>>> print(open('data.cif').read())   # mmCIF, C-alpha atoms and all ligand atoms; chains and numbers go by the auth columns
data_final
#
loop_
_atom_site.group_PDB
_atom_site.id
_atom_site.type_symbol
_atom_site.label_atom_id
_atom_site.label_comp_id
_atom_site.label_asym_id
_atom_site.label_seq_id
_atom_site.Cartn_x
_atom_site.Cartn_y
_atom_site.Cartn_z
_atom_site.B_iso_or_equiv
_atom_site.auth_seq_id
_atom_site.auth_asym_id
ATOM 1 C CA MET A 1 42.617 14.911 -20.380 0.00 6 A
ATOM 2 C CA GLY A 2 39.697 14.383 -22.729 0.00 7 A
ATOM 3 C CA ARG A 3 40.094 10.651 -22.769 0.00 8 A
ATOM 4 C CA LEU A 4 40.245 10.459 -19.009 0.00 9 A
ATOM 5 C CA THR A 5 37.053 12.517 -18.612 0.00 10 A
ATOM 6 C CA ASN A 6 35.305 10.315 -21.152 0.00 11 A
ATOM 7 C CA SER A 7 36.254 7.132 -19.371 0.00 12 A
ATOM 8 C CA LYS A 8 35.111 8.648 -16.085 0.00 13 A
ATOM 9 C CA HIS A 9 31.806 9.452 -17.707 0.00 14 A
ATOM 10 C CA PHE A 10 31.596 5.964 -19.060 0.00 15 A
ATOM 11 C CA TRP A 11 32.102 4.376 -15.651 0.00 16 A
ATOM 12 C CA ALA A 12 29.751 6.783 -13.973 0.00 17 A
ATOM 13 C CA GLY A 13 27.116 6.026 -16.575 0.00 18 A
ATOM 14 C CA LEU A 14 27.673 2.307 -16.211 0.00 19 A
ATOM 15 C CA VAL A 15 27.328 2.467 -12.439 0.00 20 A
ATOM 16 C CA LEU A 16 24.166 4.512 -12.865 0.00 21 A
ATOM 17 C CA VAL A 17 22.645 2.005 -15.255 0.00 22 A
ATOM 18 C CA LEU A 18 23.691 -0.937 -13.096 0.00 23 A
ATOM 19 C CA GLY A 19 22.284 0.776 -10.037 0.00 24 A
ATOM 20 C CA GLY A 20 18.940 1.278 -11.717 0.00 25 A
ATOM 21 C CA LEU A 21 18.984 -2.258 -13.082 0.00 26 A
ATOM 22 C CA GLY A 22 19.921 -3.624 -9.666 0.00 27 A
ATOM 23 C CA GLY A 23 17.025 -1.795 -8.096 0.00 28 A
ATOM 24 C CA PHE A 24 14.683 -3.146 -10.712 0.00 29 A
ATOM 25 C CA LEU A 25 15.921 -6.718 -10.228 0.00 30 A
ATOM 26 C CA LEU A 26 15.662 -6.343 -6.480 0.00 31 A
ATOM 27 C CA ALA A 27 12.045 -5.346 -6.927 0.00 32 A
ATOM 28 C CA TYR A 28 11.418 -8.647 -8.671 0.00 33 A
ATOM 29 C CA VAL A 29 13.479 -10.795 -6.349 0.00 34 A
ATOM 30 C CA ARG A 30 11.901 -9.545 -3.168 0.00 35 A
ATOM 31 C CA GLN A 31 8.724 -7.608 -2.836 0.00 36 A
ATOM 32 C CA ALA A 32 8.327 -4.554 -0.687 0.00 37 A
ATOM 33 C CA PRO A 33 9.595 -4.571 2.836 0.00 38 A
ATOM 34 C CA PRO A 34 6.269 -5.201 4.559 0.00 39 A
ATOM 35 C CA GLN A 35 4.982 -2.332 6.591 0.00 40 A
ATOM 36 C CA GLU A 36 2.397 -2.240 9.307 0.00 41 A
ATOM 37 C CA ARG A 37 -0.348 0.141 8.247 0.00 42 A
ATOM 38 C CA SER A 38 -3.145 1.150 10.602 0.00 43 A
ATOM 39 C CA PHE A 39 -6.357 2.808 9.537 0.00 44 A
ATOM 40 C CA THR A 40 -9.416 3.993 11.344 0.00 45 A
ATOM 41 C CA ILE A 41 -12.495 4.153 9.172 0.00 46 A
ATOM 42 C CA THR A 42 -15.620 5.924 10.302 0.00 47 A
ATOM 43 C CA ALA A 43 -18.835 5.062 8.527 0.00 48 A
ATOM 44 C CA HIS A 44 -21.759 7.444 8.351 0.00 49 A
ATOM 45 C CA LYS A 45 -24.671 8.122 6.020 0.00 50 A
ATOM 46 C CA TYR A 46 -23.593 7.682 3.247 0.00 51 A
ATOM 47 C CA ALA A 47 -19.841 7.523 3.101 0.00 52 A
ATOM 48 C CA TYR A 48 -16.659 6.253 4.648 0.00 53 A
ATOM 49 C CA ASP A 49 -14.016 8.459 6.091 0.00 54 A
ATOM 50 C CA PRO A 50 -11.403 8.090 4.696 0.00 55 A
ATOM 51 C CA PRO A 51 -12.917 7.083 1.351 0.00 56 A
ATOM 52 C CA VAL A 52 -9.630 5.772 -0.079 0.00 57 A
ATOM 53 C CA LEU A 53 -6.868 3.679 1.472 0.00 58 A
ATOM 54 C CA ARG A 54 -3.534 3.472 -0.354 0.00 59 A
ATOM 55 C CA VAL A 55 -1.105 0.734 0.597 0.00 60 A
ATOM 56 C CA ASN A 56 1.724 -1.226 -0.940 0.00 61 A
ATOM 57 C CA ARG A 57 1.575 -4.869 -1.755 0.00 62 A
ATOM 58 C CA GLY A 58 2.826 -6.949 1.148 0.00 63 A
ATOM 59 C CA ASP A 59 1.829 -4.440 3.802 0.00 64 A
ATOM 60 C CA ARG A 60 -0.050 -5.731 6.797 0.00 65 A
ATOM 61 C CA ILE A 61 -3.233 -3.718 7.121 0.00 66 A
ATOM 62 C CA HIS A 62 -4.974 -3.085 10.408 0.00 67 A
ATOM 63 C CA VAL A 63 -8.424 -1.558 10.197 0.00 68 A
ATOM 64 C CA ARG A 64 -10.572 -0.310 13.043 0.00 69 A
ATOM 65 C CA LEU A 65 -14.156 0.439 12.145 0.00 70 A
ATOM 66 C CA PHE A 66 -16.592 2.830 13.720 0.00 71 A
ATOM 67 C CA ALA A 67 -20.137 3.844 12.895 0.00 72 A
ATOM 68 C CA LYS A 68 -21.432 7.297 13.603 0.00 73 A
ATOM 69 C CA ASP A 69 -25.132 7.589 13.060 0.00 74 A
ATOM 70 C CA ASN A 70 -26.457 4.197 12.207 0.00 75 A
ATOM 71 C CA THR A 71 -25.457 0.572 11.971 0.00 76 A
ATOM 72 C CA HIS A 72 -23.275 0.190 8.887 0.00 77 A
ATOM 73 C CA GLY A 73 -21.493 -2.600 7.141 0.00 78 A
ATOM 74 C CA PHE A 74 -18.059 -2.928 5.619 0.00 79 A
ATOM 75 C CA TYR A 75 -17.674 -5.467 2.870 0.00 80 A
ATOM 76 C CA LEU A 76 -14.223 -5.480 1.259 0.00 81 A
ATOM 77 C CA GLU A 77 -14.016 -7.012 -2.199 0.00 82 A
ATOM 78 C CA GLY A 78 -11.160 -9.352 -2.932 0.00 83 A
ATOM 79 C CA TYR A 79 -10.044 -9.856 0.650 0.00 84 A
ATOM 80 C CA ASP A 80 -12.943 -11.840 2.036 0.00 85 A
ATOM 81 C CA VAL A 81 -13.759 -9.352 4.755 0.00 86 A
ATOM 82 C CA ASP A 82 -17.200 -8.428 5.983 0.00 87 A
ATOM 83 C CA ALA A 83 -17.999 -6.448 9.092 0.00 88 A
ATOM 84 C CA LYS A 84 -20.758 -4.524 10.758 0.00 89 A
ATOM 85 C CA MET A 85 -20.448 -1.663 13.169 0.00 90 A
ATOM 86 C CA ARG A 86 -22.933 -0.150 15.560 0.00 91 A
ATOM 87 C CA PRO A 87 -22.753 3.412 16.839 0.00 92 A
ATOM 88 C CA ASP A 88 -21.201 4.013 20.247 0.00 93 A
ATOM 89 C CA ASN A 89 -19.181 0.820 20.148 0.00 94 A
ATOM 90 C CA ASP A 90 -15.417 0.481 20.334 0.00 95 A
ATOM 91 C CA THR A 91 -15.667 -3.001 18.950 0.00 96 A
ATOM 92 C CA PHE A 92 -17.356 -4.304 15.841 0.00 97 A
ATOM 93 C CA TRP A 93 -18.334 -7.625 14.314 0.00 98 A
ATOM 94 C CA ALA A 94 -16.401 -9.271 11.505 0.00 99 A
ATOM 95 C CA ARG A 95 -16.304 -12.484 9.545 0.00 100 A
ATOM 96 C CA HIS A 96 -14.894 -14.075 6.415 0.00 101 A
ATOM 97 C CA PRO A 97 -17.897 -14.454 4.083 0.00 102 A
ATOM 98 C CA SER A 98 -16.351 -17.345 2.133 0.00 103 A
ATOM 99 C CA GLN A 99 -15.996 -19.397 5.307 0.00 104 A
ATOM 100 C CA GLY A 100 -19.525 -18.663 6.394 0.00 105 A
ATOM 101 C CA GLY A 101 -19.955 -18.762 10.114 0.00 106 A
ATOM 102 C CA ASP A 102 -20.950 -16.133 12.600 0.00 107 A
ATOM 103 C CA TYR A 103 -19.636 -12.649 13.105 0.00 108 A
ATOM 104 C CA LYS A 104 -17.054 -12.343 15.824 0.00 109 A
ATOM 105 C CA GLU A 105 -16.655 -9.331 18.023 0.00 110 A
ATOM 106 C CA VAL A 106 -13.253 -7.773 17.356 0.00 111 A
ATOM 107 C CA GLU A 107 -11.314 -4.569 17.929 0.00 112 A
ATOM 108 C CA GLU A 108 -9.700 -4.562 14.521 0.00 113 A
ATOM 109 C CA ILE A 109 -9.399 -6.599 11.378 0.00 114 A
ATOM 110 C CA SER A 110 -5.987 -7.377 10.001 0.00 115 A
ATOM 111 C CA PHE A 111 -4.833 -8.871 6.728 0.00 116 A
ATOM 112 C CA VAL A 112 -1.888 -8.799 4.342 0.00 117 A
ATOM 113 C CA ALA A 113 -2.439 -6.822 1.140 0.00 118 A
ATOM 114 C CA SER A 114 -1.254 -9.686 -1.019 0.00 119 A
ATOM 115 C CA ARG A 115 -3.112 -8.744 -4.200 0.00 120 A
ATOM 116 C CA THR A 116 -2.526 -5.588 -6.161 0.00 121 A
ATOM 117 C CA GLY A 117 -5.362 -3.598 -7.659 0.00 122 A
ATOM 118 C CA LYS A 118 -8.374 -1.590 -6.639 0.00 123 A
ATOM 119 C CA PHE A 119 -10.835 -3.185 -4.249 0.00 124 A
ATOM 120 C CA ARG A 120 -14.078 -1.531 -3.334 0.00 125 A
ATOM 121 C CA TYR A 121 -15.466 -1.565 0.133 0.00 126 A
ATOM 122 C CA ARG A 122 -19.112 -0.932 0.521 0.00 127 A
ATOM 123 C CA CYS A 123 -21.852 -0.956 3.042 0.00 128 A
ATOM 124 C CA SER A 124 -23.438 -4.358 3.502 0.00 129 A
ATOM 125 C CA ILE A 125 -26.263 -3.236 5.738 0.00 130 A
ATOM 126 C CA THR A 126 -29.178 -1.321 4.335 0.00 131 A
ATOM 127 C CA CYS A 127 -28.878 1.989 6.084 0.00 132 A
ATOM 128 C CA GLY A 128 -31.032 4.359 4.045 0.00 133 A
ATOM 129 C CA TYR A 129 -32.008 5.487 0.582 0.00 134 A
ATOM 130 C CA MET A 130 -28.442 6.321 -0.521 0.00 135 A
ATOM 131 C CA HIS A 131 -27.073 3.065 0.880 0.00 136 A
ATOM 132 C CA PRO A 132 -26.136 1.559 -2.513 0.00 137 A
ATOM 133 C CA PHE A 133 -23.739 4.445 -3.108 0.00 138 A
ATOM 134 C CA MET A 134 -21.943 4.082 0.176 0.00 139 A
ATOM 135 C CA GLN A 135 -18.524 2.849 -0.809 0.00 140 A
ATOM 136 C CA GLY A 136 -14.801 3.431 -0.718 0.00 141 A
ATOM 137 C CA GLU A 137 -11.694 1.988 -2.277 0.00 142 A
ATOM 138 C CA LEU A 138 -8.587 0.122 -1.177 0.00 143 A
ATOM 139 C CA ILE A 139 -5.732 0.675 -3.625 0.00 144 A
ATOM 140 C CA VAL A 140 -2.863 -1.805 -3.398 0.00 145 A
ATOM 141 C CA ARG A 141 0.169 -0.767 -5.423 0.00 146 A
ATOM 142 C CA PRO A 142 3.173 -2.855 -6.371 0.00 147 A
ATOM 143 C CA ASN A 143 6.485 -1.529 -5.057 0.00 148 A
ATOM 144 C CA TYR A 144 8.584 -1.714 -8.206 0.00 149 A
ATOM 145 C CA LEU A 145 8.802 2.055 -8.460 0.00 150 A
ATOM 146 C CA TYR A 146 10.080 2.399 -4.933 0.00 151 A
ATOM 147 C CA PHE A 147 12.863 -0.100 -5.462 0.00 152 A
ATOM 148 C CA THR A 148 13.805 1.269 -8.853 0.00 153 A
ATOM 149 C CA SER A 149 14.117 4.740 -7.384 0.00 154 A
ATOM 150 C CA VAL A 150 16.229 3.432 -4.509 0.00 155 A
ATOM 151 C CA GLY A 151 18.481 1.638 -6.986 0.00 156 A
ATOM 152 C CA LEU A 152 18.675 4.704 -9.186 0.00 157 A
ATOM 153 C CA SER A 153 19.609 7.028 -6.361 0.00 158 A
ATOM 154 C CA VAL A 154 22.292 4.639 -5.105 0.00 159 A
ATOM 155 C CA GLY A 155 23.597 4.316 -8.657 0.00 160 A
ATOM 156 C CA MET A 156 23.547 8.074 -9.093 0.00 161 A
ATOM 157 C CA ALA A 157 25.373 8.652 -5.825 0.00 162 A
ATOM 158 C CA LEU A 158 28.083 6.198 -6.835 0.00 163 A
ATOM 159 C CA GLY A 159 28.258 7.732 -10.280 0.00 164 A
ATOM 160 C CA MET A 160 28.656 11.199 -8.796 0.00 165 A
ATOM 161 C CA LEU A 161 31.409 9.978 -6.503 0.00 166 A
ATOM 162 C CA LEU A 162 33.247 8.486 -9.457 0.00 167 A
ATOM 163 C CA LEU A 163 32.804 11.662 -11.474 0.00 168 A
ATOM 164 C CA LEU A 164 33.926 13.982 -8.701 0.00 169 A
ATOM 165 C CA ARG A 165 36.692 11.827 -7.290 0.00 170 A
ATOM 166 C CA PRO A 166 40.052 13.406 -7.985 0.00 171 A
ATOM 167 C CA SER A 167 41.990 10.847 -9.969 0.00 172 A
ATOM 168 C CA SER A 168 45.366 9.957 -8.498 0.00 173 A
ATOM 169 C CA ARG A 169 46.756 8.850 -11.842 0.00 174 A
ATOM 170 C CA GLY A 170 45.211 11.697 -13.807 0.00 175 A
ATOM 171 C CA SER A 171 48.072 14.160 -13.339 0.00 176 A
ATOM 172 C CA GLN A 172 50.270 12.565 -15.983 0.00 177 A
ATOM 173 C CA SER A 173 48.085 13.510 -18.953 0.00 178 A
HETATM 174 CU CU CU B . -24.947 1.733 4.775 0.00 201 A
#
>>> encode(input="data.cif", output="structure tokens", more="lines below")
Ligand SMILES: [Cu+2]
Amino acid sequence: MGRLTNSKHFWAGLVLVLGGLGGFLLAYVRQAPPQERSFTITAHKYAYDPPVLRVNRGDRIHVRLFAKDNTHGFYLEGYDVDAKMRPDNDTFWARHPSQGGDYKEVEEISFVASRTGKFRYRCSITCGYMHPFMQGELIVRPNYLYFTSVGLSVGMALGMLLLLRPSSRGSQS
């Protein structure tokens, strides 16, 4: 009886470890399943609402920009995005600063969050005395944790099944 229980524990533990390991490997082999994430950011003196965007690496980000009280800018570090919004407009003007060129009138900007880290967005149009402090943050996280937890829960479920399964050959001991 004791030996049987021990071996069951062993297998359950092994499955659990393998499950976790599998999840971890999966996280390396393929990144997050890309999600479509849509945000609406409203700019006003002297802040953005929302002030923080949290996404996962690989997500496709759609951002619509509005200005409330004044013309404001939206310059996003690291992703080569610059925009300006005027009050009472459903559209705004955006460009890629590194490519130069003119602003184009758009309804949204869209890009893939391909780099992890924290990227500030700040106002690029002088809008008042607190203008230099008008900023927010895009936080792009890696998805390793997500995959590891998926792997772990699958491993745990299998381990539980093994532990709880009534053994057909166990009656002889
Ligand atoms: Cu501003």
>>> residues_around(input="data.cif", residues="Asp85 in chain A", least_positions_apart="5", cutoff="12 Å", atoms="only C-alpha atoms", output="compact mmCIF listing (two decimals) with C-alpha atoms, in the frame of the given file")
# COMPACT_ATOMS: atom_id res chain seq x y z
CA PHE A 79 -18.06 -2.93 5.62
CA TYR A 80 -17.67 -5.47 2.87
CA ALA A 99 -16.40 -9.27 11.50
CA ARG A 100 -16.30 -12.48 9.54
CA HIS A 101 -14.89 -14.08 6.42
CA PRO A 102 -17.90 -14.45 4.08
CA SER A 103 -16.35 -17.34 2.13
CA GLN A 104 -16.00 -19.40 5.31
CA GLY A 105 -19.52 -18.66 6.39
CA ILE A 114 -9.40 -6.60 11.38
CA SER A 115 -5.99 -7.38 10.00
CA PHE A 116 -4.83 -8.87 6.73
CA VAL A 117 -1.89 -8.80 4.34
CA ALA A 118 -2.44 -6.82 1.14
CA PHE A 124 -10.84 -3.18 -4.25
CA ARG A 125 -14.08 -1.53 -3.33
CA TYR A 126 -15.47 -1.56 0.13
>>> resolve_selection(input="data.cif", expression="the PyMOL selection byres (((not hetatm)) within 8 of (chain A and resi 201))", output="ChimeraX atom specification")
/A:48-52,75-78,127-133,135-137,139
>>> write_last_selection(input="data.cif", atoms="C-alpha atoms", output="PDB file, keeping the file's coordinate frame")
ATOM      1  CA  ALA A  48     -18.835   5.062   8.527  1.00  0.00           C
ATOM      2  CA  HIS A  49     -21.759   7.444   8.351  1.00  0.00           C
ATOM      3  CA  LYS A  50     -24.671   8.122   6.020  1.00  0.00           C
ATOM      4  CA  TYR A  51     -23.593   7.682   3.247  1.00  0.00           C
ATOM      5  CA  ALA A  52     -19.841   7.523   3.101  1.00  0.00           C
ATOM      6  CA  ASN A  75     -26.457   4.197  12.207  1.00  0.00           C
ATOM      7  CA  THR A  76     -25.457   0.572  11.971  1.00  0.00           C
ATOM      8  CA  HIS A  77     -23.275   0.190   8.887  1.00  0.00           C
ATOM      9  CA  GLY A  78     -21.493  -2.600   7.141  1.00  0.00           C
ATOM     10  CA  ARG A 127     -19.112  -0.932   0.521  1.00  0.00           C
ATOM     11  CA  CYS A 128     -21.852  -0.956   3.042  1.00  0.00           C
ATOM     12  CA  SER A 129     -23.438  -4.358   3.502  1.00  0.00           C
ATOM     13  CA  ILE A 130     -26.263  -3.236   5.738  1.00  0.00           C
ATOM     14  CA  THR A 131     -29.178  -1.321   4.335  1.00  0.00           C
ATOM     15  CA  CYS A 132     -28.878   1.989   6.084  1.00  0.00           C
ATOM     16  CA  GLY A 133     -31.032   4.359   4.045  1.00  0.00           C
ATOM     17  CA  MET A 135     -28.442   6.321  -0.521  1.00  0.00           C
ATOM     18  CA  HIS A 136     -27.073   3.065   0.880  1.00  0.00           C
ATOM     19  CA  PRO A 137     -26.136   1.559  -2.513  1.00  0.00           C
ATOM     20  CA  MET A 139     -21.943   4.082   0.176  1.00  0.00           C
TER      21      MET A 139
END
>>> closest_residue(input="data.cif", among="A:Ile46, A:Met165, A:Ile144, A:Leu157", to="Glu82 in chain A", atoms="all atoms listed in the file")
A:Ile144
>>> closest_residue(input="data.cif", among="A:Gln140, A:Thr47, A:Met161, A:Gly122", to="Met90 in chain A", atoms="all atoms listed in the file")
A:Thr47
>>> closest_residue(input="data.cif", among="A:Pro39, A:Gly164, A:Pro56, A:Gly63", to="Pro147 in chain A", atoms="only C-alpha atoms")
A:Gly63
>>> atom_distance(input="data.cif", atom1="CA of Gly160 in chain A", atom2="CA of Asn11 in chain A")
18.1 Å
>>> residues_near_point(input="data.cif", point="(-14.8, 4.1, 17.2)", cutoff="9 Å", atoms="only C-alpha atoms", output="list in words")
Thr45, Ile46, Thr47, Arg69, Leu70, Phe71, Ala72, Lys73, Pro92, Asp93, Asn94, Asp95, Thr96 and Phe97 of chain A
>>> atom_distance(input="data.cif", atom1="CA of Ser43 in chain A", atom2="CA of His67 in chain A")
4.6 Å
>>> residues_around(input="data.cif", residues="Leu143 in chain A", least_positions_apart="3", cutoff="6 Å", atoms="only C-alpha atoms", output="PyMOL selection string")
chain A and resi 57-58+123-124
>>> atom_distance(input="data.cif", atom1="CA of Gly24 in chain A", atom2="CA of Arg65 in chain A")
28.7 Å
